[in-house]
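Source file: protein-v1.csv. Holds: CSV, C-alpha atoms.
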```
chain,number,residue,atom,x,y,z
F,1,MET,CA,-97.5,-56.3,-78.6
F,2,ALA,CA,-95.2,-55.4,-75.7
F,3,ALA,CA,-96.7,-53.3,-73.0
F,4,LYS,CA,-94.3,-50.4,-73.6
F,5,ARG,CA,-95.1,-50.3,-77.3
F,6,GLN,CA,-98.8,-50.2,-76.4
F,7,ARG,CA,-98.0,-47.0,-74.6
F,8,LEU,CA,-96.3,-45.7,-77.8
F,9,ALA,CA,-99.5,-46.3,-79.8
F,10,GLN,CA,-101.6,-44.8,-77.0
F,11,ARG,CA,-99.4,-41.7,-76.9
F,12,ARG,CA,-99.7,-41.3,-80.6
F,13,LYS,CA,-103.5,-41.4,-80.4
F,14,ALA,CA,-103.5,-39.0,-77.4
F,15,CYS,CA,-101.7,-36.5,-79.6
F,16,GLY,CA,-104.4,-36.8,-82.2
F,17,TYR,CA,-102.6,-38.7,-84.9
F,18,THR,CA,-103.8,-41.7,-86.9
F,19,GLN,CA,-101.0,-44.1,-88.0
F,20,GLU,CA,-101.2,-42.6,-91.6
F,21,GLU,CA,-101.0,-39.0,-90.3
F,22,PHE,CA,-98.2,-39.9,-88.0
F,23,GLY,CA,-96.3,-41.5,-90.9
F,24,ASP,CA,-96.8,-38.5,-93.2
F,25,ALA,CA,-95.5,-36.1,-90.5
F,26,LEU,CA,-92.3,-38.3,-90.3
F,27,THR,CA,-92.2,-39.0,-94.0
F,28,VAL,CA,-92.6,-42.7,-93.6
F,29,ASP,CA,-95.4,-45.0,-94.6
F,30,ARG,CA,-98.1,-46.4,-92.3
F,31,THR,CA,-96.5,-49.9,-92.3
F,32,THR,CA,-93.4,-48.5,-90.7
F,33,VAL,CA,-95.4,-46.9,-87.9
F,34,GLN,CA,-97.2,-50.2,-87.4
F,35,ARG,CA,-93.9,-52.1,-87.1
F,36,TRP,CA,-92.7,-49.5,-84.5
F,37,GLU,CA,-95.8,-50.0,-82.4
F,38,ARG,CA,-95.6,-53.8,-82.7
F,39,GLY,CA,-92.0,-53.7,-81.4
F,40,GLU,CA,-90.6,-55.2,-84.5
F,41,VAL,CA,-88.1,-52.4,-85.4
F,42,ASP,CA,-86.9,-49.2,-83.8
F,43,PRO,CA,-87.0,-45.7,-85.4
F,44,HIS,CA,-83.7,-44.6,-86.9
F,45,PRO,CA,-81.7,-42.2,-84.7
F,46,HIS,CA,-82.2,-39.3,-87.2
F,47,GLN,CA,-86.0,-39.8,-86.8
F,48,ARG,CA,-86.1,-39.7,-83.0
F,49,PRO,CA,-85.9,-35.9,-82.4
F,50,LYS,CA,-88.9,-35.2,-84.6
F,51,LEU,CA,-90.7,-38.3,-83.2
F,52,ALA,CA,-90.2,-36.9,-79.6
F,53,LYS,CA,-91.5,-33.4,-80.7
F,54,LEU,CA,-94.6,-34.9,-82.3
F,55,LEU,CA,-95.4,-36.9,-79.2
F,56,GLN,CA,-94.5,-34.0,-76.9
F,57,LEU,CA,-91.9,-36.1,-75.0
F,58,THR,CA,-88.3,-35.6,-73.9
F,59,SER,CA,-85.6,-37.7,-75.4
F,60,LYS,CA,-85.4,-39.8,-72.2
F,61,GLU,CA,-89.2,-40.3,-72.1
F,62,LEU,CA,-89.2,-41.4,-75.8
F,63,ASP,CA,-86.4,-43.9,-75.1
F,64,GLU,CA,-88.6,-45.5,-72.4
F,65,LEU,CA,-91.5,-45.8,-74.8
F,66,LEU,CA,-89.3,-47.4,-77.4
F,67,THR,CA,-88.1,-50.2,-75.1
F,68,SER,CA,-89.6,-53.4,-76.6
F,69,ASP,CA,-89.6,-57.1,-76.2
F,70,THR,CA,-87.7,-57.4,-79.4
F,71,VAL,CA,-84.5,-56.9,-77.5
F,72,ILE,CA,-85.5,-59.5,-75.0
F,73,ARG,CA,-86.3,-62.1,-77.7
F,74,THR,CA,-83.0,-61.6,-79.5
F,75,ALA,CA,-81.1,-62.1,-76.3
F,76,VAL,CA,-82.9,-65.4,-75.7
F,77,ASP,CA,-83.0,-66.7,-79.3
F,78,PRO,CA,-80.3,-65.5,-81.8
F,79,ARG,CA,-82.3,-67.0,-84.7
F,80,VAL,CA,-85.0,-64.4,-84.1
F,81,HIS,CA,-82.4,-61.7,-84.2
F,82,ARG,CA,-81.2,-62.9,-87.6
F,83,GLU,CA,-84.7,-63.1,-88.9
F,84,VAL,CA,-85.6,-59.6,-87.7
F,85,GLN,CA,-82.4,-58.2,-89.2
F,86,ALA,CA,-83.2,-59.8,-92.6
F,87,ASP,CA,-86.7,-58.4,-92.5
F,88,ASP,CA,-85.3,-55.0,-91.6
F,89,ASP,CA,-82.8,-55.0,-94.5
F,90,GLU,CA,-85.5,-55.9,-97.0
F,91,LEU,CA,-88.0,-53.3,-95.7
F,92,GLU,CA,-85.3,-50.6,-95.4
F,93,SER,CA,-84.4,-51.2,-99.1
F,94,TRP,CA,-88.1,-50.9,-100.1
F,95,GLU,CA,-88.4,-47.7,-98.0
F,96,LEU,CA,-85.3,-46.2,-99.6
F,97,ALA,CA,-86.7,-46.9,-103.1
F,98,ARG,CA,-90.0,-45.4,-102.1
F,99,ARG,CA,-88.4,-42.3,-100.7
F,100,VAL,CA,-86.3,-41.8,-103.8
F,101,GLU,CA,-89.3,-42.1,-106.1
F,102,SER,CA,-91.7,-40.1,-103.9
F,103,SER,CA,-92.5,-36.6,-105.1
F,104,ASP,CA,-94.8,-33.7,-104.3
F,105,VAL,CA,-93.8,-32.0,-107.6
F,106,GLY,CA,-94.4,-34.4,-110.5
F,107,GLN,CA,-93.6,-34.4,-114.2
F,108,GLU,CA,-96.8,-32.7,-115.2
F,109,THR,CA,-96.2,-29.7,-113.0
F,110,LEU,CA,-92.6,-29.3,-114.4
F,111,GLY,CA,-93.9,-29.7,-117.9
F,112,ARG,CA,-96.4,-26.9,-117.4
F,113,LEU,CA,-93.8,-24.6,-115.9
F,114,GLU,CA,-91.4,-25.2,-118.8
F,115,THR,CA,-94.2,-24.5,-121.3
F,116,ALA,CA,-95.1,-21.3,-119.4
F,117,PHE,CA,-91.4,-20.1,-119.6
F,118,ASP,CA,-91.3,-20.7,-123.4
F,119,GLU,CA,-94.5,-18.6,-123.7
F,120,LEU,CA,-92.9,-15.8,-121.7
F,121,ALA,CA,-89.7,-15.9,-123.7
F,122,THR,CA,-91.7,-15.8,-126.9
F,123,ALA,CA,-93.9,-12.9,-125.6
F,124,TYR,CA,-90.8,-10.9,-124.5
F,125,PRO,CA,-90.3,-9.0,-127.7
F,126,LYS,CA,-93.9,-8.0,-128.0
F,127,VAL,CA,-95.3,-7.5,-124.5
F,128,PRO,CA,-94.4,-4.5,-122.3
F,129,PRO,CA,-91.6,-5.5,-119.9
F,130,GLN,CA,-93.6,-4.6,-116.8
F,131,GLU,CA,-96.1,-7.3,-117.7
F,132,ILE,CA,-93.4,-9.9,-118.3
F,133,LEU,CA,-91.8,-9.0,-115.0
F,134,GLN,CA,-95.1,-9.6,-113.2
F,135,GLN,CA,-95.2,-13.2,-114.5
F,136,VAL,CA,-91.6,-13.7,-113.7
F,137,ARG,CA,-92.3,-12.8,-110.1
F,138,LYS,CA,-95.3,-15.0,-109.8
F,139,TYR,CA,-93.4,-18.1,-111.1
F,140,SER,CA,-90.3,-17.3,-109.1
F,141,SER,CA,-92.4,-17.4,-105.9
F,142,TYR,CA,-93.8,-20.8,-107.0
F,143,VAL,CA,-90.4,-22.2,-107.7
F,144,THR,CA,-89.2,-21.2,-104.2
F,145,ARG,CA,-92.1,-23.2,-102.7
F,146,LEU,CA,-91.4,-26.2,-104.9
F,147,LEU,CA,-87.7,-26.2,-103.9
F,148,ASP,CA,-88.9,-27.1,-100.3
F,149,ALA,CA,-91.2,-29.8,-101.5
F,150,ARG,CA,-90.4,-33.5,-101.7
F,151,LYS,CA,-89.1,-34.5,-105.2
F,152,THR,CA,-86.8,-36.8,-107.1
F,153,LEU,CA,-83.3,-35.8,-108.0
F,154,ALA,CA,-84.3,-35.6,-111.7
F,155,GLU,CA,-87.2,-33.3,-110.8
F,156,HIS,CA,-84.9,-31.2,-108.6
F,157,ARG,CA,-82.5,-30.6,-111.5
F,158,ARG,CA,-85.4,-29.7,-113.9
F,159,LEU,CA,-86.7,-27.2,-111.3
F,160,LEU,CA,-83.2,-25.6,-111.0
F,161,VAL,CA,-83.0,-25.3,-114.8
F,162,PHE,CA,-86.4,-23.7,-114.9
F,163,GLY,CA,-85.5,-21.3,-112.1
F,164,GLY,CA,-82.3,-20.4,-113.9
F,165,TRP,CA,-84.1,-19.6,-117.2
F,166,LEU,CA,-86.7,-17.6,-115.3
F,167,SER,CA,-84.1,-15.6,-113.3
F,168,LEU,CA,-82.3,-14.9,-116.6
F,169,LEU,CA,-85.4,-13.6,-118.3
F,170,GLY,CA,-86.2,-11.5,-115.2
F,171,ALA,CA,-82.7,-10.0,-115.4
F,172,THR,CA,-83.1,-9.2,-119.1
F,173,VAL,CA,-86.4,-7.3,-118.3
F,174,HIS,CA,-84.8,-5.4,-115.5
F,175,ILE,CA,-82.0,-4.3,-117.9
F,176,ASP,CA,-84.7,-3.1,-120.4
F,177,LEU,CA,-86.2,-1.0,-117.6
F,178,LYS,CA,-82.7,0.3,-116.5
F,179,GLN,CA,-83.1,-1.4,-113.1
F,180,ASN,CA,-79.5,-2.4,-112.7
F,181,ALA,CA,-79.4,-3.5,-109.1
F,182,ALA,CA,-82.3,-5.9,-109.6
F,183,ALA,CA,-80.8,-7.1,-112.9
F,184,SER,CA,-77.5,-8.0,-111.2
F,185,ALA,CA,-79.2,-9.9,-108.4
F,186,ARG,CA,-81.2,-12.0,-110.8
F,187,LEU,CA,-78.2,-12.6,-113.0
F,188,GLN,CA,-76.3,-13.9,-110.0
F,189,THR,CA,-79.2,-16.2,-109.0
F,190,ALA,CA,-79.4,-17.5,-112.6
F,191,ALA,CA,-75.7,-18.2,-112.7
F,192,ILE,CA,-75.8,-20.0,-109.3
F,193,LEU,CA,-78.8,-22.2,-110.4
F,194,ALA,CA,-77.1,-22.9,-113.7
F,195,ARG,CA,-73.9,-24.2,-112.0
F,196,GLN,CA,-76.0,-26.2,-109.5
F,197,ALA,CA,-77.8,-27.8,-112.4
F,198,GLU,CA,-74.6,-28.2,-114.5
F,199,HIS,CA,-76.3,-26.2,-117.4
F,200,PRO,CA,-73.6,-24.3,-119.3
F,201,GLU,CA,-75.9,-22.7,-121.8
F,202,ILE,CA,-77.8,-20.8,-119.0
F,203,GLU,CA,-74.5,-19.7,-117.5
F,204,ALA,CA,-73.3,-18.5,-120.9
F,205,TRP,CA,-76.5,-16.5,-121.4
F,206,CYS,CA,-75.8,-14.8,-118.0
F,207,TYR,CA,-72.5,-13.5,-119.3
F,208,GLU,CA,-74.0,-12.5,-122.7
F,209,THR,CA,-76.8,-10.6,-120.9
F,210,GLU,CA,-74.4,-8.8,-118.7
F,211,ALA,CA,-72.4,-7.9,-121.8
F,212,TRP,CA,-75.5,-6.3,-123.2
F,213,ARG,CA,-76.1,-4.4,-120.0
F,214,VAL,CA,-72.6,-2.9,-119.9
F,215,LEU,CA,-72.7,-2.2,-123.6
F,216,THR,CA,-75.9,0.0,-123.1
F,217,ASP,CA,-73.9,1.8,-120.4
F,218,GLY,CA,-71.1,2.6,-122.9
F,219,ASN,CA,-68.5,0.1,-121.5
F,220,TYR,CA,-67.7,-1.5,-124.8
F,221,VAL,CA,-64.3,-3.1,-123.8
F,222,ARG,CA,-66.0,-4.9,-120.9
F,223,ALA,CA,-68.8,-6.0,-123.2
F,224,ILE,CA,-66.3,-7.7,-125.5
F,225,GLU,CA,-64.6,-9.4,-122.5
F,226,LEU,CA,-68.0,-10.8,-121.2
F,227,SER,CA,-69.1,-11.9,-124.7
F,228,GLN,CA,-65.9,-13.9,-125.1
F,229,ILE,CA,-66.3,-15.5,-121.7
F,230,ALA,CA,-69.8,-16.5,-122.8
F,231,GLN,CA,-68.6,-18.0,-126.0
F,232,GLY,CA,-66.1,-20.1,-124.1
F,233,ILE,CA,-68.7,-21.5,-121.8
F,234,ALA,CA,-71.6,-22.0,-124.3
F,235,PRO,CA,-72.1,-25.4,-125.9
F,236,ALA,CA,-70.9,-25.5,-129.5
F,237,GLY,CA,-73.6,-24.4,-132.0
F,238,SER,CA,-75.9,-23.2,-129.2
F,239,SER,CA,-78.0,-20.1,-129.3
F,240,ALA,CA,-75.9,-18.7,-126.5
F,241,GLN,CA,-72.8,-19.1,-128.5
F,242,ILE,CA,-74.3,-17.3,-131.5
F,243,GLN,CA,-75.8,-14.5,-129.5
F,244,SER,CA,-72.7,-13.8,-127.6
F,245,THR,CA,-70.7,-13.7,-130.8
F,246,ALA,CA,-73.2,-11.2,-132.1
F,247,GLN,CA,-72.8,-9.2,-128.9
F,248,GLU,CA,-69.1,-9.0,-129.4
F,249,GLY,CA,-69.6,-7.7,-132.9
F,250,ARG,CA,-71.9,-4.9,-131.7
F,251,ALA,CA,-69.4,-3.8,-129.1
F,252,ARG,CA,-66.5,-3.8,-131.6
F,253,ALA,CA,-68.7,-1.7,-134.0
F,254,ARG,CA,-69.1,0.9,-131.3
F,255,LEU,CA,-65.4,1.0,-130.9
F,256,GLY,CA,-64.9,1.4,-134.7
F,257,GLN,CA,-63.0,-1.8,-135.0
F,258,ALA,CA,-64.1,-2.6,-138.6
F,259,LYS,CA,-62.0,-5.7,-139.3
F,260,GLU,CA,-63.1,-7.4,-136.0
F,261,THR,CA,-66.7,-6.3,-136.5
F,262,TYR,CA,-66.9,-7.9,-140.0
F,263,SER,CA,-65.3,-11.0,-138.6
F,264,ALA,CA,-67.9,-11.3,-135.9
F,265,ILE,CA,-70.7,-10.8,-138.5
F,266,ASP,CA,-69.2,-13.7,-140.6
F,267,ARG,CA,-69.0,-16.0,-137.6
F,268,VAL,CA,-72.6,-15.3,-136.7
F,269,GLN,CA,-73.8,-16.1,-140.2
F,270,SER,CA,-71.7,-19.2,-140.3
F,271,LEU,CA,-72.9,-20.5,-137.0
F,272,SER,CA,-76.6,-19.7,-137.8
F,273,ALA,CA,-76.5,-21.1,-141.3
F,274,SER,CA,-77.1,-24.7,-140.2
F,275,LEU,CA,-80.1,-23.7,-137.9
F,276,VAL,CA,-83.6,-24.6,-139.0
F,277,ARG,CA,-86.1,-21.7,-139.3
F,278,LEU,CA,-88.3,-21.7,-136.2
F,279,ASP,CA,-92.1,-21.6,-136.4
F,280,ASP,CA,-92.1,-18.7,-134.0
F,281,PRO,CA,-88.8,-16.9,-134.3
F,282,GLU,CA,-89.5,-14.6,-131.4
F,283,HIS,CA,-88.3,-16.9,-128.5
F,284,HIS,CA,-85.6,-14.8,-126.9
F,285,TYR,CA,-83.3,-17.7,-126.1
F,286,GLN,CA,-83.6,-19.6,-129.3
F,287,TYR,CA,-81.6,-18.1,-132.1
F,288,ASP,CA,-83.6,-18.0,-135.4
F,289,PRO,CA,-81.6,-17.5,-138.7
F,290,ALA,CA,-83.9,-14.6,-139.4
F,291,LYS,CA,-82.5,-12.7,-136.4
F,292,SER,CA,-79.1,-12.5,-138.1
F,293,LEU,CA,-80.6,-10.0,-140.5
F,294,SER,CA,-81.6,-7.7,-137.6
F,295,TYR,CA,-78.3,-8.2,-136.0
F,296,THR,CA,-76.4,-7.3,-139.1
F,297,ALA,CA,-78.4,-4.2,-139.6
F,298,THR,CA,-77.7,-3.0,-136.1
F,299,THR,CA,-74.0,-3.8,-136.2
F,300,LEU,CA,-73.3,-2.2,-139.6
F,301,ALA,CA,-75.3,0.9,-138.5
F,302,TRP,CA,-73.2,1.3,-135.4
F,303,LEU,CA,-70.1,0.9,-137.5
F,304,GLY,CA,-71.4,3.6,-139.9
F,305,ASP,CA,-71.4,1.3,-142.9
F,306,PRO,CA,-73.9,2.5,-145.5
F,307,VAL,CA,-74.8,-1.1,-146.4
F,308,ALA,CA,-76.7,-1.1,-143.1
F,309,GLU,CA,-79.6,0.7,-144.8
F,310,GLN,CA,-80.5,-2.2,-147.1
F,311,PHE,CA,-80.4,-4.7,-144.1
F,312,ALA,CA,-82.6,-2.4,-142.0
F,313,ARG,CA,-85.1,-1.9,-144.8
F,314,ALA,CA,-85.2,-5.7,-145.3
F,315,VAL,CA,-86.0,-6.3,-141.7
F,316,ILE,CA,-88.8,-3.8,-141.8
F,317,ALA,CA,-90.3,-5.2,-145.0
F,318,GLN,CA,-90.1,-8.8,-143.7
F,319,LEU,CA,-91.6,-8.2,-140.3
F,320,ASP,CA,-94.1,-5.4,-141.1
F,321,PRO,CA,-94.9,-5.1,-144.8
F,322,HIS,CA,-98.0,-2.9,-144.0
F,323,ASP,CA,-96.0,-0.4,-141.9
F,324,ASP,CA,-98.5,-0.5,-139.0
F,325,ILE,CA,-96.6,0.8,-136.0
F,326,ALA,CA,-99.3,-0.2,-133.6
F,327,LYS,CA,-98.6,-3.9,-134.4
F,328,TRP,CA,-94.8,-3.7,-134.6
F,329,PRO,CA,-92.7,-6.2,-132.7
F,330,ARG,CA,-89.7,-4.8,-131.0
F,331,ARG,CA,-87.3,-5.8,-133.8
F,332,VAL,CA,-89.1,-3.5,-136.3
F,333,ALA,CA,-88.7,-0.5,-133.9
F,334,SER,CA,-85.0,-1.4,-133.5
F,335,ALA,CA,-84.6,-1.7,-137.3
F,336,ASN,CA,-86.1,1.8,-137.8
F,337,ILE,CA,-83.6,3.2,-135.3
F,338,ASP,CA,-80.8,1.4,-137.2
F,339,LEU,CA,-82.2,2.9,-140.4
F,340,ALA,CA,-82.3,6.4,-138.8
F,341,LEU,CA,-78.6,6.0,-137.6
F,342,VAL,CA,-77.3,5.1,-141.0
F,343,LEU,CA,-79.4,7.9,-142.7
F,344,VAL,CA,-77.9,10.3,-140.2
F,345,ALA,CA,-74.4,9.1,-141.2
F,346,GLY,CA,-75.4,9.8,-144.9
F,347,ASN,CA,-76.7,13.3,-143.9
F,348,ARG,CA,-80.2,12.4,-144.9
F,349,LEU,CA,-81.6,14.0,-141.8
F,350,ASP,CA,-85.2,14.4,-142.8
F,351,GLU,CA,-85.5,10.6,-143.6
F,352,ALA,CA,-83.7,9.8,-140.4
F,353,CYS,CA,-86.1,12.0,-138.4
F,354,ASP,CA,-89.1,10.1,-139.9
F,355,ALA,CA,-87.7,6.7,-139.2
F,356,ALA,CA,-86.8,7.6,-135.6
F,357,ARG,CA,-90.2,9.2,-134.9
F,358,LYS,CA,-92.0,6.1,-136.1
F,359,ALA,CA,-89.9,3.9,-133.8
F,360,ILE,CA,-90.5,6.1,-130.8
F,361,LEU,CA,-94.2,6.4,-131.4
F,362,SER,CA,-94.6,2.6,-131.8
F,363,GLY,CA,-94.1,2.2,-128.0
F,364,ARG,CA,-91.7,-0.6,-128.6
F,365,VAL,CA,-88.5,1.2,-127.6
F,366,VAL,CA,-87.6,0.0,-124.1
F,367,PRO,CA,-85.6,2.2,-121.7
F,368,SER,CA,-82.3,0.3,-122.4
F,369,ASN,CA,-82.6,1.4,-126.0
F,370,HIS,CA,-83.5,5.0,-125.4
F,371,TRP,CA,-79.9,6.1,-125.8
F,372,ARG,CA,-79.9,4.8,-129.4
F,373,ALA,CA,-82.9,7.0,-130.2
F,374,LEU,CA,-81.3,9.9,-128.5
F,375,GLU,CA,-78.3,9.8,-130.8
F,376,VAL,CA,-80.7,10.4,-133.7
F,377,VAL,CA,-82.5,13.2,-131.9
F,378,LYS,CA,-79.3,15.0,-131.2
F,379,SER,CA,-78.0,14.6,-134.8
F,380,VAL,CA,-81.3,16.0,-136.2
F,381,GLU,CA,-81.2,18.9,-133.7
F,382,ALA,CA,-77.6,19.6,-134.7
F,383,GLY,CA,-78.7,19.8,-138.3
F,384,GLN,CA,-81.3,22.4,-137.3
F,385,LEU,CA,-84.2,20.6,-139.1
F,386,PRO,CA,-87.7,22.1,-138.6
F,387,GLU,CA,-88.9,18.6,-137.5
F,388,ALA,CA,-86.3,18.5,-134.7
F,389,ALA,CA,-88.7,19.9,-132.1
F,390,ASP,CA,-91.4,17.3,-132.8
F,391,LEU,CA,-88.8,14.5,-132.6
F,392,ARG,CA,-87.5,15.8,-129.3
F,393,ASP,CA,-91.1,16.0,-127.9
F,394,ALA,CA,-91.7,12.4,-129.0
F,395,TYR,CA,-88.5,11.3,-127.4
F,396,GLU,CA,-89.2,13.1,-124.1
F,397,SER,CA,-92.6,11.3,-124.0
F,398,LEU,CA,-90.6,8.1,-123.5
F,399,GLY,CA,-89.8,9.3,-120.0
F,400,SER,CA,-86.1,8.8,-120.7
F,401,ARG,CA,-83.5,9.8,-118.1
F,402,HIS,CA,-80.9,10.4,-120.9
F,403,VAL,CA,-80.7,14.1,-121.6
```
Would you mind writing the file's structure down as structure tokens?
Amino acid sequence: MAAKRQRLAQRRKACGYTQEEFGDALTVDRTTVQRWERGEVDPHPHQRPKLAKLLQLTSKELDELLTSDTVIRTAVDPRVHREVQADDDELESWELARRVESSDVGQETLGRLETAFDELATAYPKVPPQEILQQVRKYSSYVTRLLDARKTLAEHRRLLVFGGWLSLLGATVHIDLKQNAAASARLQTAAILARQAEHPEIEAWCYETEAWRVLTDGNYVRAIELSQIAQGIAPAGSSAQIQSTAQEGRARARLGQAKETYSAIDRVQSLSASLVRLDDPEHHYQYDPAKSLSYTATTLAWLGDPVAEQFARAVIAQLDPHDDIAKWPRRVASANIDLALVLVAGNRLDEACDAARKAILSGRVVPSNHWRALEVVKSVEAGQLPEAADLRDAYESLGSRHV
């Protein structure tokens, strides 16, 4: 070993590093450190600033330590230079392959994260939104840490996709809670991650979710525009395409556009006809054929079509045949509001009051849907039913900001 390179090894030891620890700090292996210290190769230029920092040296002092007899030998014997270059090329190729394949993330971790997201998306219709949001925050923090970790390109993309889905679900929960600023921020993050990962379905869901938000705010024209953008981005036959078509139909129903509403209903049924019934139909981002029944009930109820009653009752009978409001999923509560709306349109106010009261007392009506319940409350009050006061009390217990 050249005397100068002995000083390199001594300096490393004086700074408290083993060869393996020193290599880890510089993201190289122990063999590379050994070759530096034997004077066989020099560190690459991009490695030198960190090398100097670890050894507590200036750039000039580091250059002095790195002067080796390798240069002297190559000046004396060109054959040695060619042999060293050939060895360098081989080892650099191995090092490149090692760096590309090295990872602090791993397939198992990503698999667990993806499973965790599916569980959250399935729990979404049944679990209070605040609880879902707590989990979203926890996993989002973990994703942020993993993005700084060493990983393969394939793992990086999977992590972006997971982060995109997670941000999308977080935005959906914020909308349910009427937290619009937070919802917008998470939607923007989800869209950025979707584009980085080249994942059009997540990007389409971002537009569909924003369409739902503006629809609940009463901006039906903008909801139609956003739904159509989502349909244009979504992969053919995907859940995002089906759901954004359904969203367009709802918005058109609120505008009283009967012809266009029925057309959207037909397109949803056509697109979902080829789908296989899911074992667990509650996954929010996997469109199950059974959901088209709930969608049709809501859309027809908003349009004022009396046929909505049979669809709403079918949803209730299918999802909760025992009429136990304590165990209702969110779709049953929504179906009861749909039923109440169509009963109001038919001037059957006492029945409408009963259906709305059940939905409210179930605890499954999220803040973003309070306005739908309020429409029934106001209609019952306008009809001066004796039950109107009890229904208003139940509605006020929701803590709604809509008055």
(message) Let me make sure I understand: among F:Gln241, F:Gln134, F:Ser140, F:Ser292, which one has the smallest atom-to-atom distance to Leu113 (chain F) if we use only C-alpha atoms?
(response)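 The answer is F:Ser140, which sits nearest to Leu113 (chain F).
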(message) Could you list, as a VMD selection string, every residue within 9 Å of region 366-382 of chain F, counting all atoms listed in the file and ignoring same-chain residues fewer than 6 positions away?
(response) chain F and resid 128 to 129 175 to 178 213 216 to 217 330 334 337 to 338 340 to 341 344 349 to 350 352 to 353 356 to 357 359 to 360 388 to 389 391 to 392 395 398 to 403
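Of the listed residues (F:Ala230, F:Gln19, F:Pro43, F:Ala251), F:Ala251 comes nearest to Gly218 (chain F); the distances count only C-alpha atoms.
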(request) Identify, on the basis of only C-alpha atoms, every residue whose closest approach to Gln257 (chain F) does not exceed 12 Å; exclude the query and any residue fewer than 3 positions from it along the same chain; express the result as a list in words. (result)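 My list of contacting residues is Tyr220, Val221, Ile224, Glu248, Gly249, Arg250, Ala251, Arg252, Ala253, Arg254, Glu260, Thr261, Tyr262, Ser263, Ala264, Thr299, Leu300, Trp302, Leu303, Gly304 and Asp305 of chain F.
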Pull the closest atom pair for each residue of region 101-215 of chain F that gets at most 8 Å from region 231-238 of chain F, along with the distance in Å to one decimal, counting all atoms listed in the file, ordering rows by chain and then ascending residue number, as a Markdown table.
```
| residue | atom | partner | partner_atom | distance |
| --- | --- | --- | --- | --- |
| F:Pro200 | CA | F:Ala234 | CA | 5.9 |
| F:Glu201 | CA | F:Ala234 | CA | 5.0 |
| F:Glu203 | CA | F:Ile233 | CA | 7.4 |
| F:Ala204 | CA | F:Ala234 | CA | 5.2 |
| F:Trp205 | CA | F:Ala234 | CA | 7.9 |
```
(message) Considering all atoms listed in the file, can you say which of F:Glu119, F:Asp29, F:Asp288, F:Glu114 comes closest to Val276 (chain F)?
(response) F:Asp288
(message) Nearest residue to Glu198 (chain F) out of F:His44, F:Arg145, F:Arg158, F:Arg348, using all atoms listed in the file?
(response)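 Closest to Glu198 (chain F) of all the choices is F:Arg158.
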Can you pull out every residue within 8 Å of Glu208 (chain F), counting all atoms listed in the file, but drop anything in the same chain fewer than 2 positions away, and send it as a PDB file with C-alpha atoms, in the coordinates of the input?
```pdb
ATOM      1  CA  ALA F 204     -73.300 -18.500-120.900  1.00  0.00           C
ATOM      2  CA  TRP F 205     -76.500 -16.500-121.400  1.00  0.00           C
ATOM      3  CA  CYS F 206     -75.800 -14.800-118.000  1.00  0.00           C
ATOM      4  CA  GLU F 210     -74.400  -8.800-118.700  1.00  0.00           C
ATOM      5  CA  ALA F 211     -72.400  -7.900-121.800  1.00  0.00           C
ATOM      6  CA  TRP F 212     -75.500  -6.300-123.200  1.00  0.00           C
ATOM      7  CA  LEU F 226     -68.000 -10.800-121.200  1.00  0.00           C
ATOM      8  CA  SER F 227     -69.100 -11.900-124.700  1.00  0.00           C
ATOM      9  CA  ALA F 230     -69.800 -16.500-122.800  1.00  0.00           C
ATOM     10  CA  ALA F 240     -75.900 -18.700-126.500  1.00  0.00           C
ATOM     11  CA  GLN F 243     -75.800 -14.500-129.500  1.00  0.00           C
ATOM     12  CA  SER F 244     -72.700 -13.800-127.600  1.00  0.00           C
ATOM     13  CA  GLN F 247     -72.800  -9.200-128.900  1.00  0.00           C
TER      14      GLN F 247
END
```
(message) Between CA of Leu319 (chain F) and CA of Val332 (chain F), what is the distance in Å, rounded to a tenth?
(response)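 CA of Val332 (chain F) lies 6.7 Å from CA of Leu319 (chain F).
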(message) List as number ranges by chain the protein and nucleic acid residues near Ala335 (chain F), meaning an atom at most 7 Å away when only C-alpha atoms are counted, but skip any in the same chain fewer than 3 places from it.
(response) F: 294, 312, 315-316, 331-332, 338-339
(request) Measuring atom to atom with all atoms listed in the file, identify which of F:Ala345, F:Leu193, F:Ala123, F:Ala246 is nearest to Glu282 (chain F). (result) F:Ala123
